[in-house]
$ cat query.pdb   # PDB, C-alpha atoms and all ligand atoms
MODEL        1
ATOM      1  CA  MET A   1      47.663  16.098  54.254
ATOM      2  CA  PRO A   2      43.952  16.541  53.384
ATOM      3  CA  GLU A   3      42.981  20.062  52.378
ATOM      4  CA  THR A   4      40.503  20.548  55.227
ATOM      5  CA  GLU A   5      43.170  19.707  57.766
ATOM      6  CA  MET A   6      45.547  22.167  56.109
ATOM      7  CA  ARG A   7      43.049  25.008  56.424
ATOM      8  CA  GLU A   8      42.586  24.229  60.106
ATOM      9  CA  THR A   9      46.280  24.387  60.792
ATOM     10  CA  ARG A  10      46.640  27.845  59.168
ATOM     11  CA  VAL A  11      45.162  29.525  62.248
ATOM     12  CA  ALA A  12      47.643  31.806  64.029
ATOM     13  CA  LEU A  13      48.328  30.360  67.475
ATOM     14  CA  PRO A  14      49.964  32.100  70.417
ATOM     15  CA  ALA A  15      53.687  31.447  70.283
ATOM     16  CA  HIS A  16      56.659  32.655  72.298
ATOM     17  CA  ALA A  17      60.168  32.775  70.914
ATOM     18  CA  ILE A  18      62.655  31.589  73.537
ATOM     19  CA  GLU A  19      65.679  33.893  73.610
ATOM     20  CA  VAL A  20      68.878  33.038  75.428
ATOM     21  CA  GLY A  21      70.501  35.767  77.537
ATOM     22  CA  THR A  22      74.163  36.528  76.973
ATOM     23  CA  ALA A  23      75.239  37.157  80.574
ATOM     24  CA  PRO A  24      75.921  34.229  82.921
ATOM     25  CA  LEU A  25      73.035  33.698  85.309
ATOM     26  CA  ASP A  26      73.793  34.022  89.009
ATOM     27  CA  GLY A  27      71.245  32.266  91.203
ATOM     28  CA  PRO A  28      67.882  30.644  90.508
ATOM     29  CA  ALA A  29      65.551  31.775  87.722
ATOM     30  CA  ARG A  30      62.374  30.048  86.564
ATOM     31  CA  ASN A  31      63.247  30.490  82.897
ATOM     32  CA  SER A  32      66.794  29.303  82.330
ATOM     33  CA  LEU A  33      69.283  27.173  80.487
ATOM     34  CA  GLY A  34      70.973  25.108  83.214
ATOM     35  CA  GLY A  35      70.539  26.672  86.642
ATOM     36  CA  HIS A  36      68.477  25.495  89.599
ATOM     37  CA  PRO A  37      65.561  23.264  88.584
ATOM     38  CA  PHE A  38      62.161  24.189  90.029
ATOM     39  CA  LEU A  39      60.601  20.842  90.927
ATOM     40  CA  ASP A  40      57.386  19.849  92.670
ATOM     41  CA  ALA A  41      57.749  18.775  96.300
ATOM     42  CA  GLY A  42      58.678  15.079  96.296
ATOM     43  CA  GLN A  43      60.021  15.166  92.733
ATOM     44  CA  ASP A  44      63.676  14.116  92.759
ATOM     45  CA  TRP A  45      66.243  15.357  90.284
ATOM     46  CA  PRO A  46      65.832  12.732  87.536
ATOM     47  CA  THR A  47      68.573  10.241  86.708
ATOM     48  CA  CYS A  48      69.571   8.324  83.574
ATOM     49  CA  PHE A  49      69.398   4.541  83.323
ATOM     50  CA  CYS A  50      73.201   4.676  83.746
ATOM     51  CA  GLY A  51      72.787   6.151  87.220
ATOM     52  CA  GLU A  52      74.140   9.596  86.329
ATOM     53  CA  ARG A  53      72.034  12.553  87.256
ATOM     54  CA  LEU A  54      70.537  14.042  84.090
ATOM     55  CA  ALA A  55      71.710  17.504  83.072
ATOM     56  CA  LEU A  56      69.113  20.264  83.163
ATOM     57  CA  PHE A  57      69.207  21.681  79.629
ATOM     58  CA  PHE A  58      66.402  24.206  80.095
ATOM     59  CA  GLN A  59      63.279  25.058  82.062
ATOM     60  CA  LEU A  60      60.537  27.640  81.642
ATOM     61  CA  ASP A  61      57.109  28.671  82.838
ATOM     62  CA  VAL A  62      54.648  27.918  80.051
ATOM     63  CA  PRO A  63      52.862  31.229  79.347
ATOM     64  CA  PRO A  64      49.153  31.341  80.274
ATOM     65  CA  ASP A  65      47.996  31.790  76.658
ATOM     66  CA  ILE A  66      49.351  28.359  75.612
ATOM     67  CA  ALA A  67      46.489  25.837  75.353
ATOM     68  CA  HIS A  68      46.459  22.870  77.766
ATOM     69  CA  PHE A  69      49.782  23.694  79.429
ATOM     70  CA  GLY A  70      49.648  27.400  80.372
ATOM     71  CA  GLY A  71      50.872  27.799  83.964
ATOM     72  CA  ASP A  72      52.849  24.526  83.954
ATOM     73  CA  HIS A  73      56.582  24.568  84.564
ATOM     74  CA  LEU A  74      58.467  22.693  81.819
ATOM     75  CA  LEU A  75      61.863  21.102  82.516
ATOM     76  CA  VAL A  76      64.007  19.275  79.952
ATOM     77  CA  PHE A  77      66.757  16.949  81.205
ATOM     78  CA  HIS A  78      69.132  14.823  79.094
ATOM     79  CA  CYS A  79      72.128  12.614  79.893
ATOM     80  CA  ARG A  80      75.642  13.855  79.240
ATOM     81  CA  ALA A  81      76.980  10.373  78.509
ATOM     82  CA  HIS A  82      74.102   8.989  76.431
ATOM     83  CA  ASN A  83      72.996  10.621  73.227
ATOM     84  CA  GLU A  84      70.660   9.003  70.721
ATOM     85  CA  ALA A  85      67.449   9.698  68.834
ATOM     86  CA  THR A  86      64.164   8.683  70.440
ATOM     87  CA  ASP A  87      62.237   5.636  69.328
ATOM     88  CA  ALA A  88      58.573   5.385  70.329
ATOM     89  CA  THR A  89      57.311   1.968  71.489
ATOM     90  CA  TYR A  90      53.652   1.195  70.876
ATOM     91  CA  GLU A  91      51.275  -1.339  72.336
ATOM     92  CA  GLY A  92      47.635  -1.650  71.304
ATOM     93  CA  GLY A  93      47.545   1.629  69.362
ATOM     94  CA  ALA A  94      49.090   3.836  72.062
ATOM     95  CA  LEU A  95      52.498   4.489  73.561
ATOM     96  CA  VAL A  96      53.369   1.774  76.078
ATOM     97  CA  PRO A  97      52.387   2.361  79.719
ATOM     98  CA  ARG A  98      54.997   4.581  81.437
ATOM     99  CA  TYR A  99      56.622   5.187  78.057
ATOM    100  CA  TRP A 100      58.931   7.772  79.638
ATOM    101  CA  GLU A 101      60.672   4.840  81.369
ATOM    102  CA  ALA A 102      60.581   2.390  78.442
ATOM    103  CA  PRO A 103      63.818   0.900  76.994
ATOM    104  CA  GLN A 104      65.379   2.924  74.184
ATOM    105  CA  ASP A 105      67.269   0.666  71.842
ATOM    106  CA  PRO A 106      70.235   0.098  72.390
ATOM    107  CA  TYR A 107      69.709   1.305  75.965
ATOM    108  CA  PRO A 108      67.718  -0.465  78.706
ATOM    109  CA  GLY A 109      65.993   2.803  79.633
ATOM    110  CA  PRO A 110      65.594   6.406  78.528
ATOM    111  CA  PHE A 111      68.456   8.903  78.721
ATOM    112  CA  TRP A 112      66.265  11.968  79.110
ATOM    113  CA  ARG A 113      63.327  13.173  81.172
ATOM    114  CA  VAL A 114      60.881  15.941  80.355
ATOM    115  CA  LEU A 115      58.645  17.093  83.203
ATOM    116  CA  LEU A 116      55.635  19.334  83.487
ATOM    117  CA  GLN A 117      55.361  20.479  87.085
ATOM    118  CA  ARG A 118      52.343  22.265  88.508
ATOM    119  CA  GLY A 119      53.477  23.117  92.035
ATOM    120  CA  ALA A 120      57.108  23.980  91.454
ATOM    121  CA  ASP A 121      57.520  27.054  93.642
ATOM    122  CA  ARG A 122      61.013  26.449  94.957
ATOM    123  CA  PRO A 123      64.379  25.915  93.239
ATOM    124  CA  THR A 124      66.650  23.061  94.252
ATOM    125  CA  GLU A 125      69.598  24.098  96.362
ATOM    126  CA  GLU A 126      72.029  22.558  93.923
ATOM    127  CA  CYS A 127      72.736  24.154  90.563
ATOM    128  CA  GLU A 128      73.048  22.171  87.329
ATOM    129  CA  PRO A 129      76.820  21.486  87.238
ATOM    130  CA  SER A 130      77.517  21.161  83.501
ATOM    131  CA  VAL A 131      75.195  23.278  81.319
ATOM    132  CA  ARG A 132      76.079  26.953  81.732
ATOM    133  CA  ALA A 133      73.285  28.877  83.426
ATOM    134  CA  LYS A 134      71.755  31.603  81.231
ATOM    135  CA  ARG A 135      68.486  33.455  81.528
ATOM    136  CA  LEU A 136      65.737  32.692  79.014
ATOM    137  CA  MET A 137      63.368  35.397  77.817
ATOM    138  CA  LEU A 138      60.047  34.603  76.178
ATOM    139  CA  ARG A 139      58.925  36.995  73.440
ATOM    140  CA  PRO A 140      55.296  36.579  72.307
ATOM    141  CA  TYR A 141      54.386  36.600  68.629
ATOM    142  CA  ALA A 142      51.429  35.457  66.559
ATOM    143  CA  GLU A 143      52.590  32.711  64.266
ATOM    144  CA  THR A 144      50.667  32.231  61.055
ATOM    145  CA  PRO A 145      51.640  28.869  59.615
ATOM    146  CA  SER A 146      52.859  28.612  56.032
ATOM    147  CA  ALA A 147      50.610  27.384  53.209
ATOM    148  CA  ARG A 148      51.904  23.904  54.046
ATOM    149  CA  GLY A 149      50.753  24.328  57.660
ATOM    150  CA  LEU A 150      54.258  24.719  59.078
ATOM    151  CA  GLY A 151      55.500  27.135  61.734
ATOM    152  CA  ARG A 152      58.844  28.903  62.064
ATOM    153  CA  GLN A 153      61.981  26.891  62.733
ATOM    154  CA  ASP A 154      62.686  28.452  66.091
ATOM    155  CA  PHE A 155      63.417  27.759  69.728
ATOM    156  CA  LYS A 156      59.863  28.371  70.862
ATOM    157  CA  VAL A 157      56.961  27.393  73.061
ATOM    158  CA  GLY A 158      53.505  27.199  71.495
ATOM    159  CA  GLY A 159      52.743  28.100  67.886
ATOM    160  CA  THR A 160      52.985  25.437  65.207
ATOM    161  CA  PRO A 161      55.829  22.948  64.760
ATOM    162  CA  SER A 162      58.038  23.425  61.694
ATOM    163  CA  TRP A 163      58.207  19.621  61.028
ATOM    164  CA  ALA A 164      61.408  18.728  59.202
ATOM    165  CA  GLN A 165      59.589  15.608  57.947
ATOM    166  CA  ASP A 166      55.906  14.627  57.969
ATOM    167  CA  PRO A 167      53.839  15.829  60.928
ATOM    168  CA  GLU A 168      53.941  13.238  63.677
ATOM    169  CA  GLY A 169      51.310  12.575  66.331
ATOM    170  CA  HIS A 170      51.323  10.185  69.264
ATOM    171  CA  THR A 171      48.696   8.690  71.539
ATOM    172  CA  CYS A 172      49.443   8.735  75.249
ATOM    173  CA  ALA A 173      49.166   5.507  77.227
ATOM    174  CA  CYS A 174      46.134   7.113  78.937
ATOM    175  CA  GLY A 175      44.374   7.369  75.559
ATOM    176  CA  ALA A 176      44.709  11.145  75.028
ATOM    177  CA  GLU A 177      46.313  12.498  71.843
ATOM    178  CA  LEU A 178      49.557  14.232  72.776
ATOM    179  CA  GLU A 179      49.585  17.953  71.995
ATOM    180  CA  TYR A 180      52.561  19.884  70.634
ATOM    181  CA  LEU A 181      54.074  22.224  73.239
ATOM    182  CA  CYS A 182      57.653  23.284  72.496
ATOM    183  CA  GLN A 183      60.296  23.070  69.764
ATOM    184  CA  VAL A 184      64.093  23.000  69.956
ATOM    185  CA  PRO A 185      65.751  23.732  66.593
ATOM    186  CA  GLU A 186      68.095  21.306  64.876
ATOM    187  CA  ASP A 187      71.749  21.401  65.982
ATOM    188  CA  MET A 188      71.143  23.659  68.959
ATOM    189  CA  GLU A 189      74.270  23.497  71.091
ATOM    190  CA  PHE A 190      74.191  24.160  74.840
ATOM    191  CA  GLU A 191      77.367  25.649  76.317
ATOM    192  CA  VAL A 192      78.904  23.711  79.173
ATOM    193  CA  HIS A 193      81.552  24.585  81.736
ATOM    194  CA  PRO A 194      85.128  23.842  80.641
ATOM    195  CA  GLY A 195      86.903  20.691  81.751
ATOM    196  CA  LEU A 196      83.878  18.403  81.673
ATOM    197  CA  PRO A 197      83.836  15.021  79.943
ATOM    198  CA  GLU A 198      82.933  15.467  76.283
ATOM    199  CA  GLN A 199      79.519  14.341  75.109
ATOM    200  CA  PRO A 200      79.474  11.631  72.452
ATOM    201  CA  TYR A 201      78.371  12.966  69.033
ATOM    202  CA  SER A 202      78.177  16.632  70.014
ATOM    203  CA  VAL A 203      79.860  19.163  67.768
ATOM    204  CA  GLY A 204      82.101  21.004  70.206
ATOM    205  CA  ALA A 205      84.117  19.990  73.270
ATOM    206  CA  ASP A 206      82.490  22.833  75.197
ATOM    207  CA  THR A 207      78.878  22.184  74.178
ATOM    208  CA  TYR A 208      76.291  19.448  74.613
ATOM    209  CA  ASN A 209      73.284  18.783  72.406
ATOM    210  CA  MET A 210      70.081  16.801  72.810
ATOM    211  CA  PHE A 211      69.043  13.732  70.823
ATOM    212  CA  LEU A 212      72.096  13.895  68.498
ATOM    213  CA  GLY A 213      71.176  17.445  67.499
ATOM    214  CA  ASN A 214      67.866  16.420  65.932
ATOM    215  CA  GLU A 215      65.082  18.956  65.837
ATOM    216  CA  VAL A 216      62.957  18.241  68.915
ATOM    217  CA  TYR A 217      59.184  18.657  69.143
ATOM    218  CA  LEU A 218      57.858  18.113  72.645
ATOM    219  CA  LEU A 219      54.395  16.561  72.582
ATOM    220  CA  ALA A 220      52.718  16.418  75.983
ATOM    221  CA  CYS A 221      49.622  14.829  77.473
ATOM    222  CA  PRO A 222      46.845  17.423  77.774
ATOM    223  CA  GLY A 223      45.284  15.237  80.479
ATOM    224  CA  HIS A 224      48.453  15.596  82.621
ATOM    225  CA  CYS A 225      48.196  11.869  83.459
ATOM    226  CA  ASP A 226      51.785  11.987  84.753
ATOM    227  CA  PRO A 227      54.341  14.829  85.095
ATOM    228  CA  ALA A 228      56.615  12.857  82.728
ATOM    229  CA  ALA A 229      53.911  12.167  80.101
ATOM    230  CA  VAL A 230      55.786  14.003  77.344
ATOM    231  CA  TRP A 231      57.207  12.495  74.152
ATOM    232  CA  PRO A 232      60.165  14.189  72.434
ATOM    233  CA  VAL A 233      59.712  13.667  68.682
ATOM    234  CA  ASN A 234      63.036  13.820  66.798
ATOM    235  CA  GLN A 235      63.329  14.760  63.115
ATOM    236  CA  ASN A 236      65.950  16.135  60.791
TER     237      ASN A 236
HETATM  238 ZN    ZN B 301      73.291   8.087  80.884
HETATM  239 ZN    ZN B 302      48.285  10.840  79.227
ENDMDL
END

$ encode --input "query.pdb" --output "structure tokens"
Amino acid sequence: MPETEMRETRVALPAHAIEVGTAPLDGPARNSLGGHPFLDAGQDWPTCFCGERLALFFQLDVPPDIAHFGGDHLLVFHCRAHNEATDATYEGGALVPRYWEAPQDPYPGPFWRVLLQRGADRPTEECEPSVRAKRLMLRPYAETPSARGLGRQDFKVGGTPSWAQDPEGHTCACGAELEYLCQVPEDMEFEVHPGLPEQPYSVGADTYNMFLGNEVYLLACPGHCDPAAVWPVNQN
């Protein structure tokens, strides 16, 4: 990385560590693992290409001090039965139009959906049936990147990604450069209710993971060209 760029990235940015509550969550909460998704009116619970409803892994209100996305409601869904790493498809120097619906080799469509909702004031009646509902707490901290321009390896929103490999940027189909929003650490396991079908490639019978347990960096469109205009970068 050029030296000038490195200096720029050493600025402390507002970050919020995402902490998972220990007690089971009873009823809707805006910041949760599992639970009742808060979706915009007219936004259906997303489904996988296989027809199964996607599991709500987590959702949270993006704090107001986070650039571009403060005040948005972020929801991360992923299929129980399909588990792979993401593979970005490009066309003419940008992600393909409606890249959130593009085929994901070997699958004919994506097995996840990440949404940024701006009018999500009401929870769905139905609760996420597999991922155990827990409350999420956001704890603000100022994150000063390392000399290499890297942030902490944390479950966090905002701050600076900790990039397991080289920093990765993507251009939205609308032409905007996607901006980093949220990071899920490598091998994070999400507890599920007992007796459910096991997820392929997850570590435990009673947990699911996302994207084969890769570290996940959510890059989103600052132009909000579509609620699903978010690309989950996977690295390990
Ligand atoms: Zn599926
Ligand atoms: Zn866009």

$ residues_near_ligand --input "query.pdb" --ligand "ligand ZN 302 (chain B)" --cutoff "7 Å" --atoms "only C-alpha atoms and all ligand atoms" --output "MDAnalysis selection string"
chainID A and resid 172:176 221:226 229

$ write_last_selection --input "query.pdb" --atoms "C-alpha atoms" --output "PDB file, keeping the file's coordinate frame"
ATOM      1  CA  CYS A 172      49.443   8.735  75.249  1.00  0.00           C
ATOM      2  CA  ALA A 173      49.166   5.507  77.227  1.00  0.00           C
ATOM      3  CA  CYS A 174      46.134   7.113  78.937  1.00  0.00           C
ATOM      4  CA  GLY A 175      44.374   7.369  75.559  1.00  0.00           C
ATOM      5  CA  ALA A 176      44.709  11.145  75.028  1.00  0.00           C
ATOM      6  CA  CYS A 221      49.622  14.829  77.473  1.00  0.00           C
ATOM      7  CA  PRO A 222      46.845  17.423  77.774  1.00  0.00           C
ATOM      8  CA  GLY A 223      45.284  15.237  80.479  1.00  0.00           C
ATOM      9  CA  HIS A 224      48.453  15.596  82.621  1.00  0.00           C
ATOM     10  CA  CYS A 225      48.196  11.869  83.459  1.00  0.00           C
ATOM     11  CA  ASP A 226      51.785  11.987  84.753  1.00  0.00           C
ATOM     12  CA  ALA A 229      53.911  12.167  80.101  1.00  0.00           C
TER      13      ALA A 229
END

$ resolve_selection --input "query.pdb" --expression "the PyMOL selection byres (((chain A and resi 136-152) around 8) and not hetatm)" --output "count of residues only"
28

$ closest_atom_pairs --input "query.pdb" --of "chain A" --to "ligand ZN 301 (chain B)" --cutoff "12 Å" --atoms "only C-alpha atoms and all ligand atoms" --output "Markdown table"
| residue | atom | partner | partner_atom | distance |
| --- | --- | --- | --- | --- |
| A:Pro46 | CA | B:ZN301 | ZN | 11.0 |
| A:Thr47 | CA | B:ZN301 | ZN | 7.8 |
| A:Cys48 | CA | B:ZN301 | ZN | 4.6 |
| A:Phe49 | CA | B:ZN301 | ZN | 5.8 |
| A:Cys50 | CA | B:ZN301 | ZN | 4.5 |
| A:Gly51 | CA | B:ZN301 | ZN | 6.6 |
| A:Glu52 | CA | B:ZN301 | ZN | 5.7 |
| A:Arg53 | CA | B:ZN301 | ZN | 7.9 |
| A:Leu54 | CA | B:ZN301 | ZN | 7.3 |
| A:Ala55 | CA | B:ZN301 | ZN | 9.8 |
| A:Phe77 | CA | B:ZN301 | ZN | 11.0 |
| A:His78 | CA | B:ZN301 | ZN | 8.1 |
| A:Cys79 | CA | B:ZN301 | ZN | 4.8 |
| A:Arg80 | CA | B:ZN301 | ZN | 6.4 |
| A:Ala81 | CA | B:ZN301 | ZN | 4.9 |
| A:His82 | CA | B:ZN301 | ZN | 4.6 |
| A:Asn83 | CA | B:ZN301 | ZN | 8.1 |
| A:Glu84 | CA | B:ZN301 | ZN | 10.5 |
| A:Gln104 | CA | B:ZN301 | ZN | 11.6 |
| A:Tyr107 | CA | B:ZN301 | ZN | 9.1 |
| A:Pro108 | CA | B:ZN301 | ZN | 10.4 |
| A:Gly109 | CA | B:ZN301 | ZN | 9.1 |
| A:Pro110 | CA | B:ZN301 | ZN | 8.2 |
| A:Phe111 | CA | B:ZN301 | ZN | 5.4 |
| A:Trp112 | CA | B:ZN301 | ZN | 8.2 |
| A:Arg113 | CA | B:ZN301 | ZN | 11.2 |
| A:Gln199 | CA | B:ZN301 | ZN | 10.5 |
| A:Pro200 | CA | B:ZN301 | ZN | 11.0 |

$ closest_residue --input "query.pdb" --among "A:Ala133, A:Leu74, A:Ala120, A:Leu95" --to "His36 in chain A" --atoms "all atoms listed in the file"
A:Ala133

$ atom_distance --input "query.pdb" --atom1 "CA of Val96 in chain A" --atom2 "CA of Phe155 in chain A"
28.6 Å

$ residues_around --input "query.pdb" --residues "Leu75 in chain A" --least-positions-apart "5" --cutoff "10 Å" --atoms "only C-alpha atoms" --output "number ranges by chain"
A: 30-34, 37-39, 56-61, 113-117, 228

$ closest_residue --input "query.pdb" --among "A:His68, A:His193, A:His73, A:His170" --to "Arg118 in chain A" --atoms "only C-alpha atoms"
A:His73

$ atom_distance --input "query.pdb" --atom1 "CA of Ala41 in chain A" --atom2 "CA of Gly71 in chain A"
16.8 Å

$ axis_aligned_box --input "query.pdb" --around "range 170-182 of chain A" --padding-each-side "6 Å" --output "lines of an AutoDock Vina configuration file"
center_x = 51.0
center_y = 14.4
center_z = 74.1
size_x = 25.3
size_y = 29.8
size_z = 21.7

$ atom_distance --input "query.pdb" --atom1 "CA of Leu178 in chain A" --atom2 "CA of Pro64 in chain A"
18.7 Å

$ resolve_selection --input "query.pdb" --expression "the PyMOL selection byres (((chain A and resi 85) around 7) and not hetatm)" --output "list in words"
Glu84, Thr86, Asp87, Phe211, Leu212 and Asn234 of chain A

$ closest_residue --input "query.pdb" --among "A:Asp121, A:Val184, A:Thr171, A:Pro194" --to "Tyr90 in chain A" --atoms "only C-alpha atoms"
A:Thr171

$ closest_residue --input "query.pdb" --among "A:Ala23, A:Cys127, A:Ala67, A:Val76" --to "Pro227 in chain A" --atoms "all atoms listed in the file"
A:Val76

$ residues_near_point --input "query.pdb" --point "(53.0, 14.5, 69.9)" --cutoff "10 Å" --atoms "all atoms listed in the file" --output "NGL selection string"
:A and (167-172 or 177-181 or 217-221 or 230-233)

$ closest_residue --input "query.pdb" --among "A:Glu189, A:Glu101, A:Glu126, A:Asp40" --to "Tyr208 in chain A" --atoms "all atoms listed in the file"
A:Glu189

$ residues_around --input "query.pdb" --residues "Val192 in chain A" --least-positions-apart "5" --cutoff "8 Å" --atoms "only C-alpha atoms" --output "number ranges by chain"
A: 130-132, 206-208

$ write_last_selection --input "query.pdb" --atoms "C-alpha atoms" --output "PDB file, in the frame of the given file"
ATOM      1  CA  SER A 130      77.517  21.161  83.501  1.00  0.00           C
ATOM      2  CA  VAL A 131      75.195  23.278  81.319  1.00  0.00           C
ATOM      3  CA  ARG A 132      76.079  26.953  81.732  1.00  0.00           C
ATOM      4  CA  ASP A 206      82.490  22.833  75.197  1.00  0.00           C
ATOM      5  CA  THR A 207      78.878  22.184  74.178  1.00  0.00           C
ATOM      6  CA  TYR A 208      76.291  19.448  74.613  1.00  0.00           C
TER       7      TYR A 208
END

$ decode --input "query.pdb" --residues "range 74-92 of chain A" --atoms "N, CA, C and O atoms" --output "PDB file, in the first residue's frame"
ATOM      1  N   LEU A  74     -29.387  -2.662  10.005  1.00  0.00           N
ATOM      2  CA  LEU A  74     -28.642  -3.701   9.274  1.00  0.00           C
ATOM      3  C   LEU A  74     -29.157  -5.081   9.673  1.00  0.00           C
ATOM      4  O   LEU A  74     -29.282  -5.367  10.869  1.00  0.00           O
ATOM      5  N   LEU A  75     -29.449  -5.907   8.672  1.00  0.00           N
ATOM      6  CA  LEU A  75     -29.872  -7.296   8.936  1.00  0.00           C
ATOM      7  C   LEU A  75     -29.028  -8.246   8.097  1.00  0.00           C
ATOM      8  O   LEU A  75     -28.806  -8.000   6.908  1.00  0.00           O
ATOM      9  N   VAL A  76     -28.559  -9.325   8.714  1.00  0.00           N
ATOM     10  CA  VAL A  76     -27.701 -10.289   8.022  1.00  0.00           C
ATOM     11  C   VAL A  76     -28.366 -11.671   8.071  1.00  0.00           C
ATOM     12  O   VAL A  76     -28.531 -12.247   9.150  1.00  0.00           O
ATOM     13  N   PHE A  77     -28.752 -12.154   6.902  1.00  0.00           N
ATOM     14  CA  PHE A  77     -29.409 -13.457   6.759  1.00  0.00           C
ATOM     15  C   PHE A  77     -28.477 -14.404   5.985  1.00  0.00           C
ATOM     16  O   PHE A  77     -27.731 -13.968   5.100  1.00  0.00           O
ATOM     17  N   HIS A  78     -28.574 -15.708   6.290  1.00  0.00           N
ATOM     18  CA  HIS A  78     -27.729 -16.702   5.633  1.00  0.00           C
ATOM     19  C   HIS A  78     -28.480 -18.028   5.669  1.00  0.00           C
ATOM     20  O   HIS A  78     -29.196 -18.302   6.628  1.00  0.00           O
ATOM     21  N   CYS A  79     -28.309 -18.845   4.636  1.00  0.00           N
ATOM     22  CA  CYS A  79     -29.020 -20.123   4.575  1.00  0.00           C
ATOM     23  C   CYS A  79     -28.419 -21.129   5.550  1.00  0.00           C
ATOM     24  O   CYS A  79     -27.218 -21.165   5.774  1.00  0.00           O
ATOM     25  N   ARG A  80     -29.304 -21.975   6.092  1.00  0.00           N
ATOM     26  CA  ARG A  80     -28.850 -23.050   6.967  1.00  0.00           C
ATOM     27  C   ARG A  80     -28.216 -24.165   6.120  1.00  0.00           C
ATOM     28  O   ARG A  80     -27.192 -24.736   6.479  1.00  0.00           O
ATOM     29  N   ALA A  81     -28.820 -24.424   4.961  1.00  0.00           N
ATOM     30  CA  ALA A  81     -28.423 -25.597   4.179  1.00  0.00           C
ATOM     31  C   ALA A  81     -27.269 -25.306   3.224  1.00  0.00           C
ATOM     32  O   ALA A  81     -26.619 -26.231   2.757  1.00  0.00           O
ATOM     33  N   HIS A  82     -27.041 -24.050   2.900  1.00  0.00           N
ATOM     34  CA  HIS A  82     -25.989 -23.711   1.936  1.00  0.00           C
ATOM     35  C   HIS A  82     -24.951 -22.831   2.590  1.00  0.00           C
ATOM     36  O   HIS A  82     -25.274 -21.823   3.213  1.00  0.00           O
ATOM     37  N   ASN A  83     -23.702 -23.237   2.441  1.00  0.00           N
ATOM     38  CA  ASN A  83     -22.612 -22.593   3.160  1.00  0.00           C
ATOM     39  C   ASN A  83     -21.391 -22.630   2.253  1.00  0.00           C
ATOM     40  O   ASN A  83     -20.881 -23.694   1.936  1.00  0.00           O
ATOM     41  N   GLU A  84     -20.972 -21.476   1.828  1.00  0.00           N
ATOM     42  CA  GLU A  84     -19.840 -21.352   0.894  1.00  0.00           C
ATOM     43  C   GLU A  84     -19.145 -20.026   1.174  1.00  0.00           C
ATOM     44  O   GLU A  84     -19.603 -19.263   2.016  1.00  0.00           O
ATOM     45  N   ALA A  85     -18.082 -19.749   0.440  1.00  0.00           N
ATOM     46  CA  ALA A  85     -17.486 -18.413   0.482  1.00  0.00           C
ATOM     47  C   ALA A  85     -18.041 -17.624  -0.706  1.00  0.00           C
ATOM     48  O   ALA A  85     -18.450 -18.212  -1.707  1.00  0.00           O
ATOM     49  N   THR A  86     -18.059 -16.299  -0.562  1.00  0.00           N
ATOM     50  CA  THR A  86     -18.625 -15.481  -1.641  1.00  0.00           C
ATOM     51  C   THR A  86     -17.617 -15.317  -2.775  1.00  0.00           C
ATOM     52  O   THR A  86     -16.403 -15.406  -2.574  1.00  0.00           O
ATOM     53  N   ASP A  87     -18.155 -15.047  -3.949  1.00  0.00           N
ATOM     54  CA  ASP A  87     -17.334 -14.907  -5.139  1.00  0.00           C
ATOM     55  C   ASP A  87     -17.948 -13.765  -5.958  1.00  0.00           C
ATOM     56  O   ASP A  87     -19.036 -13.900  -6.500  1.00  0.00           O
ATOM     57  N   ALA A  88     -17.239 -12.635  -6.005  1.00  0.00           N
ATOM     58  CA  ALA A  88     -17.797 -11.450  -6.662  1.00  0.00           C
ATOM     59  C   ALA A  88     -17.725 -11.577  -8.182  1.00  0.00           C
ATOM     60  O   ALA A  88     -16.698 -11.970  -8.724  1.00  0.00           O
ATOM     61  N   THR A  89     -18.824 -11.258  -8.866  1.00  0.00           N
ATOM     62  CA  THR A  89     -18.859 -11.287 -10.331  1.00  0.00           C
ATOM     63  C   THR A  89     -18.878  -9.859 -10.859  1.00  0.00           C
ATOM     64  O   THR A  89     -19.709  -9.047 -10.445  1.00  0.00           O
ATOM     65  N   TYR A  90     -17.929  -9.595 -11.759  1.00  0.00           N
ATOM     66  CA  TYR A  90     -17.743  -8.250 -12.304  1.00  0.00           C
ATOM     67  C   TYR A  90     -18.163  -8.169 -13.759  1.00  0.00           C
ATOM     68  O   TYR A  90     -18.120  -9.153 -14.489  1.00  0.00           O
ATOM     69  N   GLU A  91     -18.563  -6.964 -14.137  1.00  0.00           N
ATOM     70  CA  GLU A  91     -18.914  -6.705 -15.536  1.00  0.00           C
ATOM     71  C   GLU A  91     -18.594  -5.234 -15.787  1.00  0.00           C
ATOM     72  O   GLU A  91     -19.116  -4.369 -15.075  1.00  0.00           O
ATOM     73  N   GLY A  92     -17.702  -4.968 -16.715  1.00  0.00           N
ATOM     74  CA  GLY A  92     -17.372  -3.589 -17.059  1.00  0.00           C
ATOM     75  C   GLY A  92     -16.833  -2.781 -15.890  1.00  0.00           C
ATOM     76  O   GLY A  92     -17.196  -1.620 -15.721  1.00  0.00           O
TER      77      GLY A  92
END
